[in-house]
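Structure file final_12.txt; described as compact mmCIF, C-alpha atoms and all ligand atoms.
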```txt
# COMPACT_ATOMS: atom_id res chain seq x y z
CA MET A 1 14.68 10.97 23.39
CA GLN A 2 12.91 12.53 20.39
CA THR A 3 9.14 13.06 20.17
CA PHE A 4 7.10 11.95 17.14
CA LEU A 5 3.61 13.19 16.39
CA VAL A 6 1.97 10.21 14.66
CA THR A 7 -1.38 10.77 12.94
CA GLY A 8 -3.78 7.88 12.34
CA GLY A 9 -1.84 5.77 14.82
CA ILE A 10 -4.79 3.64 15.88
CA GLY A 11 -5.17 2.34 12.32
CA PHE A 12 -3.46 -0.69 10.83
CA ILE A 13 0.00 0.58 9.84
CA GLY A 14 0.15 3.42 12.37
CA SER A 15 -0.52 1.09 15.31
CA ASN A 16 2.17 -1.34 14.13
CA PHE A 17 4.56 1.60 13.76
CA ILE A 18 3.84 2.86 17.30
CA LEU A 19 4.24 -0.60 18.84
CA LYS A 20 7.60 -1.01 17.12
CA ALA A 21 8.67 2.54 18.04
CA SER A 22 7.77 1.92 21.70
CA LYS A 23 9.49 -1.45 21.82
CA GLU A 24 12.65 -0.20 20.16
CA ARG A 25 12.54 3.17 21.94
CA TRP A 26 12.69 5.22 18.75
CA ALA A 27 10.88 8.18 20.32
CA ASN A 28 8.10 9.33 22.62
CA ILE A 29 4.84 9.19 20.73
CA ILE A 30 1.87 11.53 20.54
CA ASN A 31 -0.87 9.70 18.63
CA LEU A 32 -3.53 11.90 17.01
CA ASP A 33 -6.40 9.83 15.63
CA LYS A 34 -10.00 10.66 14.81
CA LEU A 35 -11.12 7.11 15.63
CA THR A 36 -13.11 6.62 12.45
CA TYR A 37 -14.93 3.37 11.69
CA ALA A 38 -11.52 1.90 10.65
CA SER A 39 -10.05 2.05 14.12
CA ASN A 40 -10.59 0.04 17.26
CA PRO A 41 -9.98 2.26 20.32
CA GLN A 42 -8.75 -0.86 22.16
CA THR A 43 -5.93 -1.35 19.65
CA LEU A 44 -3.08 0.25 21.64
CA ILE A 45 -4.64 -0.22 25.06
CA GLN A 46 -1.45 -1.93 26.27
CA LEU A 47 0.36 1.42 25.94
CA GLN A 48 -2.16 3.53 27.84
CA ASP A 49 -0.08 3.73 31.03
CA SER A 50 3.24 4.09 29.25
CA PRO A 51 4.87 7.47 30.03
CA GLY A 52 6.28 7.70 26.49
CA TYR A 53 2.86 7.44 24.83
CA HIS A 54 0.00 9.90 24.71
CA PHE A 55 -3.24 9.48 22.76
CA VAL A 56 -5.34 12.42 21.53
CA ARG A 57 -8.65 11.94 19.77
CA GLY A 58 -8.91 14.52 17.00
CA ASP A 59 -8.92 15.37 13.31
CA ILE A 60 -5.88 16.31 11.20
CA GLY A 61 -8.20 18.87 9.61
CA ASP A 62 -8.65 20.73 12.92
CA ALA A 63 -6.19 23.66 12.64
CA GLU A 64 -6.74 24.91 16.18
CA LEU A 65 -6.14 21.51 17.77
CA LEU A 66 -3.02 20.99 15.65
CA SER A 67 -1.51 24.31 16.63
CA HIS A 68 -2.20 23.58 20.30
CA LEU A 69 -0.71 20.07 20.12
CA LEU A 70 2.42 21.21 18.31
CA LYS A 71 3.02 23.98 20.85
CA GLN A 72 2.43 21.64 23.77
CA TYR A 73 4.48 18.63 22.65
CA GLN A 74 7.16 20.24 20.41
CA PRO A 75 7.62 17.17 18.19
CA ASP A 76 10.86 16.50 16.29
CA ALA A 77 8.98 14.73 13.50
CA ILE A 78 5.46 14.22 12.20
CA ILE A 79 4.50 10.95 10.55
CA ASN A 80 1.23 11.25 8.69
CA PHE A 81 -0.65 7.95 8.43
CA ALA A 82 -4.12 9.45 8.89
CA ALA A 83 -6.27 8.78 5.86
CA GLU A 84 -9.39 7.22 4.49
CA SER A 85 -7.78 4.13 3.01
CA HIS A 86 -10.29 1.73 1.43
CA VAL A 87 -10.66 1.89 -2.37
CA ASP A 88 -14.17 0.36 -2.45
CA ARG A 89 -15.46 2.95 0.03
CA SER A 90 -13.90 5.74 -2.06
CA ILE A 91 -15.98 4.52 -5.00
CA VAL A 92 -19.21 4.56 -2.97
CA SER A 93 -18.59 7.85 -1.09
CA PRO A 94 -15.52 9.83 -2.19
CA GLN A 95 -16.23 12.96 -0.12
CA ASP A 96 -14.56 11.78 3.11
CA PHE A 97 -11.44 10.93 1.09
CA ILE A 98 -11.12 14.46 -0.24
CA GLN A 99 -11.82 15.89 3.20
CA THR A 100 -9.23 13.88 5.14
CA ASN A 101 -6.64 12.95 2.53
CA VAL A 102 -6.47 16.29 0.71
CA VAL A 103 -7.91 19.01 2.99
CA GLY A 104 -6.73 17.28 6.20
CA THR A 105 -3.18 16.87 4.86
CA PHE A 106 -3.22 20.52 3.79
CA GLN A 107 -4.24 21.65 7.31
CA LEU A 108 -1.56 19.44 8.82
CA LEU A 109 1.06 20.91 6.48
CA GLU A 110 -0.01 24.47 7.29
CA ALA A 111 0.06 23.96 11.05
CA SER A 112 3.37 22.08 10.88
CA ARG A 113 5.00 24.74 8.71
CA ALA A 114 3.91 27.51 11.09
CA TYR A 115 5.35 25.49 14.00
CA TRP A 116 8.59 24.67 12.14
CA GLU A 117 9.20 28.28 11.17
CA LYS A 118 9.36 29.29 14.84
CA LEU A 119 11.76 26.52 15.92
CA SER A 120 15.34 27.22 16.95
CA PRO A 121 17.82 26.85 14.03
CA GLN A 122 19.03 23.48 15.37
CA LYS A 123 15.53 22.02 15.84
CA ARG A 124 14.46 23.46 12.48
CA GLU A 125 17.36 21.70 10.80
CA GLN A 126 16.47 18.36 12.38
CA PHE A 127 12.67 18.49 11.95
CA ARG A 128 11.01 16.07 9.47
CA PHE A 129 7.49 15.69 8.04
CA LEU A 130 7.03 12.15 6.69
CA HIS A 131 3.95 11.59 4.55
CA VAL A 132 2.96 7.94 4.19
CA SER A 133 1.52 7.32 0.75
CA THR A 134 0.70 4.54 -1.65
CA ASP A 135 1.80 2.94 -4.92
CA GLU A 136 -1.77 3.42 -6.19
CA VAL A 137 -0.89 6.99 -7.21
CA TYR A 138 1.01 5.51 -10.19
CA GLY A 139 -2.07 3.81 -11.69
CA SER A 140 -2.18 0.35 -13.20
CA LEU A 141 0.43 -1.81 -14.98
CA GLY A 142 0.11 -4.31 -17.80
CA PRO A 143 1.59 -7.81 -17.36
CA THR A 144 5.00 -6.94 -18.80
CA ASP A 145 5.29 -3.25 -17.85
CA PRO A 146 8.30 -2.31 -15.72
CA ALA A 147 7.60 -1.78 -12.01
CA PHE A 148 6.77 1.67 -10.59
CA ARG A 149 9.81 3.86 -9.97
CA GLU A 150 9.91 7.14 -8.05
CA ASP A 151 9.90 8.99 -11.39
CA THR A 152 6.93 7.07 -12.85
CA PRO A 153 4.26 9.68 -13.73
CA TYR A 154 1.27 9.84 -11.41
CA ALA A 155 -1.91 8.38 -12.95
CA PRO A 156 -4.34 7.64 -10.10
CA ASN A 157 -7.45 5.70 -11.08
CA SER A 158 -9.74 5.60 -8.03
CA PRO A 159 -10.99 8.50 -5.89
CA TYR A 160 -8.81 7.08 -3.09
CA ALA A 161 -5.69 7.07 -5.27
CA ALA A 162 -6.50 10.55 -6.62
CA SER A 163 -6.90 11.92 -3.09
CA LYS A 164 -3.55 10.41 -2.05
CA ALA A 165 -1.93 11.80 -5.21
CA GLY A 166 -3.35 15.24 -4.34
CA SER A 167 -1.87 15.03 -0.85
CA ASP A 168 1.51 13.90 -2.23
CA HIS A 169 1.56 16.91 -4.57
CA LEU A 170 0.82 19.28 -1.68
CA VAL A 171 3.62 17.76 0.40
CA ARG A 172 6.04 18.04 -2.50
CA ALA A 173 5.01 21.66 -3.09
CA TYR A 174 5.65 22.58 0.57
CA TYR A 175 9.23 21.37 0.21
CA HIS A 176 9.74 23.09 -3.13
CA THR A 177 8.11 26.40 -2.17
CA TYR A 178 8.90 26.84 1.51
CA GLY A 179 11.86 24.51 2.02
CA PHE A 180 9.66 22.65 4.54
CA PRO A 181 11.55 19.39 5.31
CA THR A 182 9.23 16.77 3.86
CA LEU A 183 9.68 13.12 2.94
CA ILE A 184 7.23 10.95 0.97
CA THR A 185 6.99 7.17 0.83
CA ASN A 186 4.86 5.22 -1.66
CA CYS A 187 4.28 1.70 -0.45
CA SER A 188 2.61 -1.38 -1.88
CA ASN A 189 -0.10 -3.49 -0.19
CA ASN A 190 0.57 -4.19 3.48
CA TYR A 191 -0.67 -7.21 5.41
CA GLY A 192 -0.30 -8.27 9.03
CA PRO A 193 -1.92 -7.91 12.46
CA ARG A 194 -4.62 -5.31 13.20
CA GLN A 195 -5.78 -4.65 9.62
CA PHE A 196 -9.46 -3.71 9.45
CA PRO A 197 -11.36 -6.64 7.89
CA GLU A 198 -12.72 -4.68 4.94
CA LYS A 199 -9.38 -5.32 3.16
CA LEU A 200 -8.78 -8.53 1.20
CA ILE A 201 -6.57 -10.58 3.55
CA PRO A 202 -8.39 -10.13 6.89
CA LEU A 203 -11.77 -10.27 5.14
CA ILE A 204 -10.93 -13.65 3.62
CA ILE A 205 -9.54 -15.02 6.91
CA LEU A 206 -12.61 -14.01 8.91
CA ASN A 207 -15.17 -14.98 6.27
CA ALA A 208 -13.53 -18.39 5.99
CA LEU A 209 -13.60 -18.91 9.75
CA HIS A 210 -17.33 -18.07 9.71
CA SER A 211 -17.94 -20.34 6.67
CA LYS A 212 -19.03 -17.35 4.58
CA PRO A 213 -18.34 -16.93 0.84
CA LEU A 214 -14.84 -15.67 -0.04
CA PRO A 215 -15.53 -12.90 -2.57
CA ILE A 216 -13.01 -12.63 -5.40
CA TYR A 217 -13.51 -9.65 -7.70
CA GLY A 218 -13.53 -10.29 -11.47
CA ASP A 219 -11.25 -13.11 -12.61
CA GLY A 220 -8.99 -13.01 -9.53
CA GLN A 221 -5.95 -12.30 -11.72
CA ASN A 222 -5.31 -8.76 -10.46
CA ILE A 223 -1.83 -8.53 -9.02
CA ARG A 224 -0.64 -6.77 -5.86
CA ASP A 225 2.84 -6.63 -4.32
CA TRP A 226 2.43 -7.67 -0.65
CA LEU A 227 4.67 -6.39 2.14
CA TYR A 228 4.52 -7.44 5.79
CA VAL A 229 3.52 -4.38 7.82
CA VAL A 230 6.49 -4.58 10.21
CA ASP A 231 8.88 -4.39 7.25
CA HIS A 232 7.06 -1.25 6.09
CA CYS A 233 7.45 0.32 9.56
CA GLN A 234 11.17 -0.43 9.54
CA ALA A 235 11.50 1.20 6.11
CA LEU A 236 9.68 4.31 7.36
CA TYR A 237 12.08 4.63 10.27
CA LEU A 238 15.07 4.32 7.93
CA VAL A 239 13.65 7.07 5.71
CA LEU A 240 13.01 9.27 8.72
CA GLN A 241 16.51 8.83 10.06
CA HIS A 242 18.68 8.82 6.97
CA SER A 243 16.95 10.35 3.98
CA GLN A 244 17.70 13.77 2.49
CA ILE A 245 14.74 16.17 2.77
CA GLY A 246 12.49 16.50 -0.27
CA GLU A 247 13.09 12.87 -1.28
CA SER A 248 10.48 10.23 -2.06
CA TYR A 249 10.95 6.47 -1.80
CA ASN A 250 9.02 3.53 -3.16
CA ILE A 251 8.66 0.64 -0.69
CA GLY A 252 7.60 -2.86 -1.71
CA GLY A 253 7.91 -6.51 -0.88
CA ASN A 254 9.28 -7.91 -4.18
CA ASN A 255 6.29 -10.19 -3.85
CA GLU A 256 3.75 -9.99 -6.68
CA GLN A 257 0.77 -12.32 -6.22
CA THR A 258 -2.58 -12.67 -7.97
CA ASN A 259 -5.57 -12.26 -5.67
CA LEU A 260 -6.56 -15.84 -6.46
CA THR A 261 -3.19 -17.12 -5.20
CA VAL A 262 -3.49 -15.05 -2.02
CA VAL A 263 -6.93 -16.48 -1.27
CA GLU A 264 -5.79 -20.04 -2.05
CA LYS A 265 -2.78 -19.65 0.27
CA ILE A 266 -5.00 -18.42 3.12
CA CYS A 267 -7.35 -21.38 2.58
CA ALA A 268 -4.45 -23.85 2.61
CA ILE A 269 -3.11 -22.43 5.90
CA LEU A 270 -6.57 -22.57 7.47
CA ASP A 271 -6.96 -26.20 6.31
CA GLU A 272 -3.88 -26.93 8.45
CA LEU A 273 -4.60 -24.69 11.45
CA VAL A 274 -8.38 -25.05 11.77
CA PRO A 275 -9.26 -28.29 9.94
CA LYS A 276 -12.87 -29.31 9.44
CA PRO A 277 -13.76 -32.89 8.46
CA ASN A 278 -14.37 -33.42 4.72
CA PHE A 279 -14.09 -29.71 4.04
CA ASN A 280 -11.62 -27.43 2.28
CA TYR A 281 -11.87 -23.68 2.87
CA SER A 282 -11.25 -23.11 -0.85
CA SER A 283 -14.76 -24.49 -1.51
CA LEU A 284 -16.03 -21.10 -0.18
CA MET A 285 -14.27 -19.15 -2.97
CA THR A 286 -16.84 -17.15 -4.94
CA PHE A 287 -16.18 -15.00 -7.99
CA VAL A 288 -18.19 -11.78 -7.83
CA LYS A 289 -18.75 -8.67 -9.92
CA ASP A 290 -15.55 -6.68 -10.34
CA ARG A 291 -14.56 -3.40 -8.65
CA PRO A 292 -15.25 -0.51 -11.07
CA GLY A 293 -11.98 0.77 -12.58
CA HIS A 294 -10.10 -2.07 -10.86
CA ASP A 295 -6.32 -1.59 -11.28
CA ARG A 296 -4.89 -4.72 -12.86
CA ARG A 297 -1.36 -4.84 -11.51
CA TYR A 298 0.90 -3.00 -9.09
CA ALA A 299 4.62 -3.68 -8.89
CA ILE A 300 7.25 -1.68 -7.05
CA ASP A 301 10.82 -1.06 -8.03
CA CYS A 302 12.38 -0.48 -4.61
CA SER A 303 15.98 -0.33 -5.79
CA LYS A 304 16.33 3.30 -4.60
CA ILE A 305 15.56 2.59 -0.94
CA SER A 306 17.61 -0.59 -1.10
CA ARG A 307 20.64 1.17 -2.61
CA GLU A 308 20.48 4.40 -0.59
CA LEU A 309 19.17 3.24 2.79
CA GLY A 310 19.91 -0.49 2.76
CA PHE A 311 16.25 -1.54 3.09
CA GLU A 312 15.29 -5.15 2.28
CA PRO A 313 12.00 -6.76 3.31
CA LYS A 314 12.68 -9.50 5.88
CA GLU A 315 9.40 -11.42 6.14
CA ASP A 316 8.70 -14.19 3.65
CA PHE A 317 5.09 -14.18 2.32
CA ASN A 318 4.22 -17.68 3.57
CA SER A 319 5.54 -17.06 7.09
CA GLY A 320 4.00 -13.57 7.14
CA LEU A 321 0.59 -14.95 6.16
CA LEU A 322 0.86 -17.66 8.80
CA LYS A 323 1.70 -15.05 11.49
CA THR A 324 -1.18 -12.87 10.30
CA ILE A 325 -3.71 -15.70 10.43
CA GLN A 326 -2.43 -16.74 13.87
CA TRP A 327 -2.86 -13.16 15.09
CA TYR A 328 -6.53 -13.09 14.00
CA LEU A 329 -7.13 -16.51 15.56
CA SER A 330 -5.64 -15.41 18.88
CA HIS A 331 -7.44 -12.04 19.12
CA PRO A 332 -11.17 -12.91 19.00
CA THR A 333 -12.14 -9.93 21.17
CA TRP A 334 -10.43 -7.42 18.87
CA VAL A 335 -12.16 -9.08 15.91
CA GLU A 336 -15.55 -8.96 17.61
CA GLN A 337 -15.07 -5.26 18.45
CA VAL A 338 -14.40 -4.28 14.84
CA GLN A 339 -17.17 -6.43 13.37
CA SER A 340 -19.83 -4.21 14.92
CA GLY A 341 -23.06 -2.92 13.39
CA ALA A 342 -21.29 -0.33 11.19
CA TYR A 343 -19.04 -3.04 9.76
CA GLN A 344 -22.03 -5.26 9.00
CA THR A 345 -23.72 -2.36 7.22
CA TRP A 346 -20.65 -1.90 5.00
CA ILE A 347 -20.41 -5.60 4.19
CA LYS A 348 -24.05 -5.60 3.16
CA GLN A 349 -23.64 -2.46 1.07
CA ASN A 350 -20.50 -3.66 -0.74
CA TYR A 351 -21.34 -7.31 -1.29
CA GLN A 352 -25.13 -7.63 -1.43
CA ASP A 353 -25.40 -6.33 -4.99
CA ARG A 354 -22.12 -7.80 -6.17
CA ILE A 355 -23.79 -10.61 -8.00
CA LYS A 356 -22.03 -13.91 -8.14
CA VAL A 357 -20.41 -14.60 -11.53
CA PRO A 358 -19.29 -17.97 -12.90
CA SER A 359 -15.66 -18.86 -12.15
CA PRO A 360 -13.20 -17.96 -14.95
CA ARG A 361 -12.76 -21.68 -15.71
CA ALA A 362 -16.51 -22.09 -16.22
CA ARG A 363 -16.53 -18.90 -18.33
CA SER A 364 -13.92 -20.15 -20.84
P1 LIG B 401 -6.38 2.54 8.22
O1 LIG B 401 -7.62 2.87 7.50
O2 LIG B 401 -6.23 1.21 8.85
O3 LIG B 401 -6.12 3.61 9.38
C1 LIG B 401 -6.31 4.98 9.19
C2 LIG B 401 -6.35 5.65 10.56
O4 LIG B 401 -6.47 7.06 10.35
C3 LIG B 401 -7.56 5.22 11.39
O5 LIG B 401 -7.16 4.93 12.72
C4 LIG B 401 -8.47 6.45 11.36
O6 LIG B 401 -9.25 6.61 12.54
C5 LIG B 401 -7.47 7.57 11.21
N1 LIG B 401 -8.05 8.76 10.59
C6 LIG B 401 -8.84 8.81 9.48
N2 LIG B 401 -9.19 10.08 9.21
C7 LIG B 401 -8.57 10.85 10.15
C8 LIG B 401 -8.53 12.24 10.39
N3 LIG B 401 -9.20 13.09 9.62
N4 LIG B 401 -7.79 12.69 11.42
C9 LIG B 401 -7.11 11.84 12.23
N5 LIG B 401 -7.14 10.50 12.06
C10 LIG B 401 -7.85 10.02 11.02
O7 LIG B 401 -5.21 2.80 7.18
P2 LIG B 401 -3.80 2.06 7.01
O8 LIG B 401 -4.00 0.88 6.15
O9 LIG B 401 -3.16 1.92 8.33
O10 LIG B 401 -3.02 3.15 6.14
C11 LIG B 401 -2.27 4.17 6.78
C12 LIG B 401 -1.67 5.07 5.72
O11 LIG B 401 -0.82 4.30 4.87
C13 LIG B 401 -2.71 5.72 4.80
O12 LIG B 401 -2.30 7.02 4.54
C14 LIG B 401 -2.66 4.86 3.53
O13 LIG B 401 -3.01 5.65 2.41
C15 LIG B 401 -1.22 4.44 3.51
N6 LIG B 401 -0.94 3.16 2.86
C16 LIG B 401 -1.64 2.03 3.22
C17 LIG B 401 -1.30 0.80 2.64
C18 LIG B 401 -2.01 -0.47 3.00
O14 LIG B 401 -1.81 -1.49 2.35
N7 LIG B 401 -2.84 -0.51 4.04
C19 LIG B 401 -0.27 0.74 1.68
C20 LIG B 401 0.40 1.92 1.33
C21 LIG B 401 0.06 3.11 1.95
O1 LIG B 402 -1.37 -0.65 -2.94
C1 LIG B 402 -1.50 -0.03 -1.69
C2 LIG B 402 -2.95 0.04 -1.31
O2 LIG B 402 -3.34 -1.29 -0.97
C3 LIG B 402 -3.25 0.99 -0.16
O3 LIG B 402 -2.93 2.29 -0.56
C4 LIG B 402 -4.72 0.91 0.25
O4 LIG B 402 -4.95 1.73 1.38
C5 LIG B 402 -5.02 -0.52 0.60
O5 LIG B 402 -6.40 -0.65 0.91
C6 LIG B 402 -4.68 -1.45 -0.57
O6 LIG B 402 -5.57 -1.22 -1.69
P1 LIG B 402 -6.18 -2.45 -2.54
O7 LIG B 402 -7.39 -1.99 -3.22
O8 LIG B 402 -5.12 -3.10 -3.35
O9 LIG B 402 -6.52 -3.44 -1.30
P2 LIG B 402 -7.77 -4.39 -0.99
O10 LIG B 402 -7.39 -5.22 0.18
O11 LIG B 402 -9.04 -3.63 -0.91
O12 LIG B 402 -7.83 -5.30 -2.27
C7 LIG B 402 -6.72 -6.09 -2.66
C8 LIG B 402 -7.09 -6.79 -3.96
O13 LIG B 402 -8.12 -7.74 -3.68
C9 LIG B 402 -7.66 -5.84 -5.01
O14 LIG B 402 -7.24 -6.27 -6.29
C10 LIG B 402 -9.16 -6.03 -4.89
C11 LIG B 402 -9.31 -7.47 -4.45
N1 LIG B 402 -10.47 -7.77 -3.57
C12 LIG B 402 -10.68 -6.98 -2.50
C13 LIG B 402 -11.73 -7.23 -1.65
C14 LIG B 402 -12.00 -6.34 -0.45
C15 LIG B 402 -11.26 -8.86 -3.85
O15 LIG B 402 -11.05 -9.60 -4.83
N2 LIG B 402 -12.32 -9.11 -3.00
C16 LIG B 402 -12.60 -8.33 -1.93
O16 LIG B 402 -13.62 -8.60 -1.22
```
Represent the supplied structure as structure tokens.
Amino acid sequence: MQTFLVTGGIGFIGSNFILKASKERWANIINLDKLTYASNPQTLIQLQDSPGYHFVRGDIGDAELLSHLLKQYQPDAIINFAAESHVDRSIVSPQDFIQTNVVGTFQLLEASRAYWEKLSPQKREQFRFLHVSTDEVYGSLGPTDPAFREDTPYAPNSPYAASKAGSDHLVRAYYHTYGFPTLITNCSNNYGPRQFPEKLIPLIILNALHSKPLPIYGDGQNIRDWLYVVDHCQALYLVLQHSQIGESYNIGGNNEQTNLTVVEKICAILDELVPKPNFNYSSLMTFVKDRPGHDRRYAIDCSKISRELGFEPKEDFNSGLLKTIQWYLSHPTWVEQVQSGAYQTWIKQNYQDRIKVPSPRARS
């Protein structure tokens, strides 16, 4: 069986990828994760005794550790999920984003290239470096603009998006300059189990369950294309297995929704699953001051991955949301662990000064 070095595998998408890889026996996994605030060390605890899984706490920016790990485990592929990933945090403190997303990716590329250059011709030929990136590198769309394609020019608008764009450019350059066998994917918004509740969907679910306000930035009409995380993981595996080196693929759910619709759908599901007498969860919806530089719309044209690799998202948005809400309801300990003091500090910092604004209906 092959060995994958997965970075950031305790986070939301990485942990879903590793669980699927273990279940479907894609490869043995070495998981390198720094365990930042965004990770719960208990997340993959069910794999701790599995012989095909090994966890290492460490930083993708640590060149010495990387060189040691690569020598020890001789991976056939590296899948780089490790990143600072929350746009609002990148607005408040961008430095960590540059450090991990740009400098960290650079260190990972350098160590991986040095390792790859010493491999036997056969292993060299088969080796892959898959960099997991985002649709946010393309910037923002107007209501009738065509969806992002792989050749849409990069126009990142937030420090997060700029740091991911920087890392994408480095990865591309390593292929172009050194022939290093890279792959890049740019995916839309993921949702599903184990997402840290600073992001819209888990934040709304948990706030609603605690009868707290459901903060909607601006007029709630910003649009995201939502993809169930397991579909994303399947797409990544297809890219890893079948793509030509140097390629990039957009991945999306063909599922554009306004934030307001997403929040209303979550409230409607909770009304069914956790009913309260004479109460609708939507009564907690609160319009608050907008995110600075808030991208209006993302949409993904995923015809390339569909045509070339046969990828189609499987999960329907309503059933995916239901599964996601059920996961949060059935994992209260995980939720409690991630809603620690540091989480509360962030919530205070991000929402305390976000003054409430009248709803768009009241404004017009
Ligand atoms: P996440 O924030 O949930 O997880 C990131 C993980 O990386 C955490 O476990 C964290 O501890 C780890 N990490 C952070 N800095 C590290 C470092 N220096 N060294 C090692 N580990 C480190 O993020 P996510 O939502 O799972 O996103 C994973 C990747 O997918 C990111 O690169 C992100 O840009 C990209 N992406 C995310 C989405 C989305 O909707 N969540 C969509 C498209 C692309
Ligand atoms: O598009 C892919 C990107 O999706 C990933 O690269 C990022 O890592 C991931 O965090 C996500 O970025 P977004 O900024 O789109 O996700 P977030 O969940 O933070 O916000 C989704 C939308 O909801 C966005 O328009 C902002 C809005 N929002 C968010 C929060 C946290 C609110 O209205 N209220 C909130 O409290």
Selection as JSON, numbers by chain: residues within 9 Å of ligand LIG 402 (chain B) by all atoms listed in the file
{"A": [83, 84, 85, 86, 87, 88, 133, 134, 135, 136, 137, 160, 161, 164, 186, 187, 188, 189, 190, 191, 197, 198, 199, 200, 201, 202, 203, 204, 214, 215, 216, 217, 218, 219, 220, 221, 222, 223, 224, 225, 226, 258, 259, 260, 262, 263, 287, 288, 290, 291, 294, 295, 296, 297, 298, 299, 350, 351]}
Output for the residues just chosen: C-alpha atoms as a JSON list (two decimals), in the coordinates of the input:
```json
[["chain", "number", "residue", "atom", "x", "y", "z"],
["A", 83, "ALA", "CA", -6.27, 8.78, 5.86],
["A", 84, "GLU", "CA", -9.39, 7.22, 4.49],
["A", 85, "SER", "CA", -7.78, 4.13, 3.01],
["A", 86, "HIS", "CA", -10.29, 1.73, 1.43],
["A", 87, "VAL", "CA", -10.66, 1.89, -2.37],
["A", 88, "ASP", "CA", -14.17, 0.36, -2.45],
["A", 133, "SER", "CA", 1.52, 7.32, 0.75],
["A", 134, "THR", "CA", 0.70, 4.54, -1.65],
["A", 135, "ASP", "CA", 1.80, 2.94, -4.92],
["A", 136, "GLU", "CA", -1.77, 3.42, -6.19],
["A", 137, "VAL", "CA", -0.89, 6.99, -7.21],
["A", 160, "TYR", "CA", -8.81, 7.08, -3.09],
["A", 161, "ALA", "CA", -5.69, 7.07, -5.27],
["A", 164, "LYS", "CA", -3.55, 10.41, -2.05],
["A", 186, "ASN", "CA", 4.86, 5.22, -1.66],
["A", 187, "CYS", "CA", 4.28, 1.70, -0.45],
["A", 188, "SER", "CA", 2.61, -1.38, -1.88],
["A", 189, "ASN", "CA", -0.10, -3.49, -0.19],
["A", 190, "ASN", "CA", 0.57, -4.19, 3.48],
["A", 191, "TYR", "CA", -0.67, -7.21, 5.41],
["A", 197, "PRO", "CA", -11.36, -6.64, 7.89],
["A", 198, "GLU", "CA", -12.72, -4.68, 4.94],
["A", 199, "LYS", "CA", -9.38, -5.32, 3.16],
["A", 200, "LEU", "CA", -8.78, -8.53, 1.20],
["A", 201, "ILE", "CA", -6.57, -10.58, 3.55],
["A", 202, "PRO", "CA", -8.39, -10.13, 6.89],
["A", 203, "LEU", "CA", -11.77, -10.27, 5.14],
["A", 204, "ILE", "CA", -10.93, -13.65, 3.62],
["A", 214, "LEU", "CA", -14.84, -15.67, -0.04],
["A", 215, "PRO", "CA", -15.53, -12.90, -2.57],
["A", 216, "ILE", "CA", -13.01, -12.63, -5.40],
["A", 217, "TYR", "CA", -13.51, -9.65, -7.70],
["A", 218, "GLY", "CA", -13.53, -10.29, -11.47],
["A", 219, "ASP", "CA", -11.25, -13.11, -12.61],
["A", 220, "GLY", "CA", -8.99, -13.01, -9.53],
["A", 221, "GLN", "CA", -5.95, -12.30, -11.72],
["A", 222, "ASN", "CA", -5.31, -8.76, -10.46],
["A", 223, "ILE", "CA", -1.83, -8.53, -9.02],
["A", 224, "ARG", "CA", -0.64, -6.77, -5.86],
["A", 225, "ASP", "CA", 2.84, -6.63, -4.32],
["A", 226, "TRP", "CA", 2.43, -7.67, -0.65],
["A", 258, "THR", "CA", -2.58, -12.67, -7.97],
["A", 259, "ASN", "CA", -5.57, -12.26, -5.67],
["A", 260, "LEU", "CA", -6.56, -15.84, -6.46],
["A", 262, "VAL", "CA", -3.49, -15.05, -2.02],
["A", 263, "VAL", "CA", -6.93, -16.48, -1.27],
["A", 287, "PHE", "CA", -16.18, -15.00, -7.99],
["A", 288, "VAL", "CA", -18.19, -11.78, -7.83],
["A", 290, "ASP", "CA", -15.55, -6.68, -10.34],
["A", 291, "ARG", "CA", -14.56, -3.40, -8.65],
["A", 294, "HIS", "CA", -10.10, -2.07, -10.86],
["A", 295, "ASP", "CA", -6.32, -1.59, -11.28],
["A", 296, "ARG", "CA", -4.89, -4.72, -12.86],
["A", 297, "ARG", "CA", -1.36, -4.84, -11.51],
["A", 298, "TYR", "CA", 0.90, -3.00, -9.09],
["A", 299, "ALA", "CA", 4.62, -3.68, -8.89],
["A", 350, "ASN", "CA", -20.50, -3.66, -0.74],
["A", 351, "TYR", "CA", -21.34, -7.31, -1.29]]
```
Non-local contacts of His54 of chain A (7 Å; all atoms listed in the file; under 6 positions in same chain excluded) as number ranges by chain:
A: 29-31
Please produce an output containing C-alpha atoms for each residue in the selection, written as a PDB file, in the frame of the given file.
```pdb
ATOM      1  CA  ILE A  29       4.840   9.190  20.730  1.00  0.00           C
ATOM      2  CA  ILE A  30       1.870  11.530  20.540  1.00  0.00           C
ATOM      3  CA  ASN A  31      -0.870   9.700  18.630  1.00  0.00           C
TER       4      ASN A  31
END
```
Please write out the residues within 6 Å of ligand LIG 401 (chain B) as a count of residues only, counting only C-alpha atoms and all ligand atoms.
35
If you count only C-alpha atoms, which residues fall within 12 Å of Trp327 of chain A, apart from same-chain ones fewer than 5 positions away, as number ranges by chain?
A: 191-195, 202, 205-206, 320-322, 332-335
What's the 10 Å shell around Asp353 of chain A, counting all atoms listed in the file, without same-chain residues fewer than 4 positions away, as a ChimeraX atom specification?
/A:288-289,348-349
Point-to-point distance from atom CA of Val6 of chain A to atom CA of Gly179 of chain A, Å rounded to tenths
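Distance between the two atoms: 21.5 Å.
With distances taken over all atoms listed in the file, A:Leu70 is the one residue among A:Val103, A:Ile45, A:Leu70, A:Leu209 lying closest to Tyr115 of chain A.
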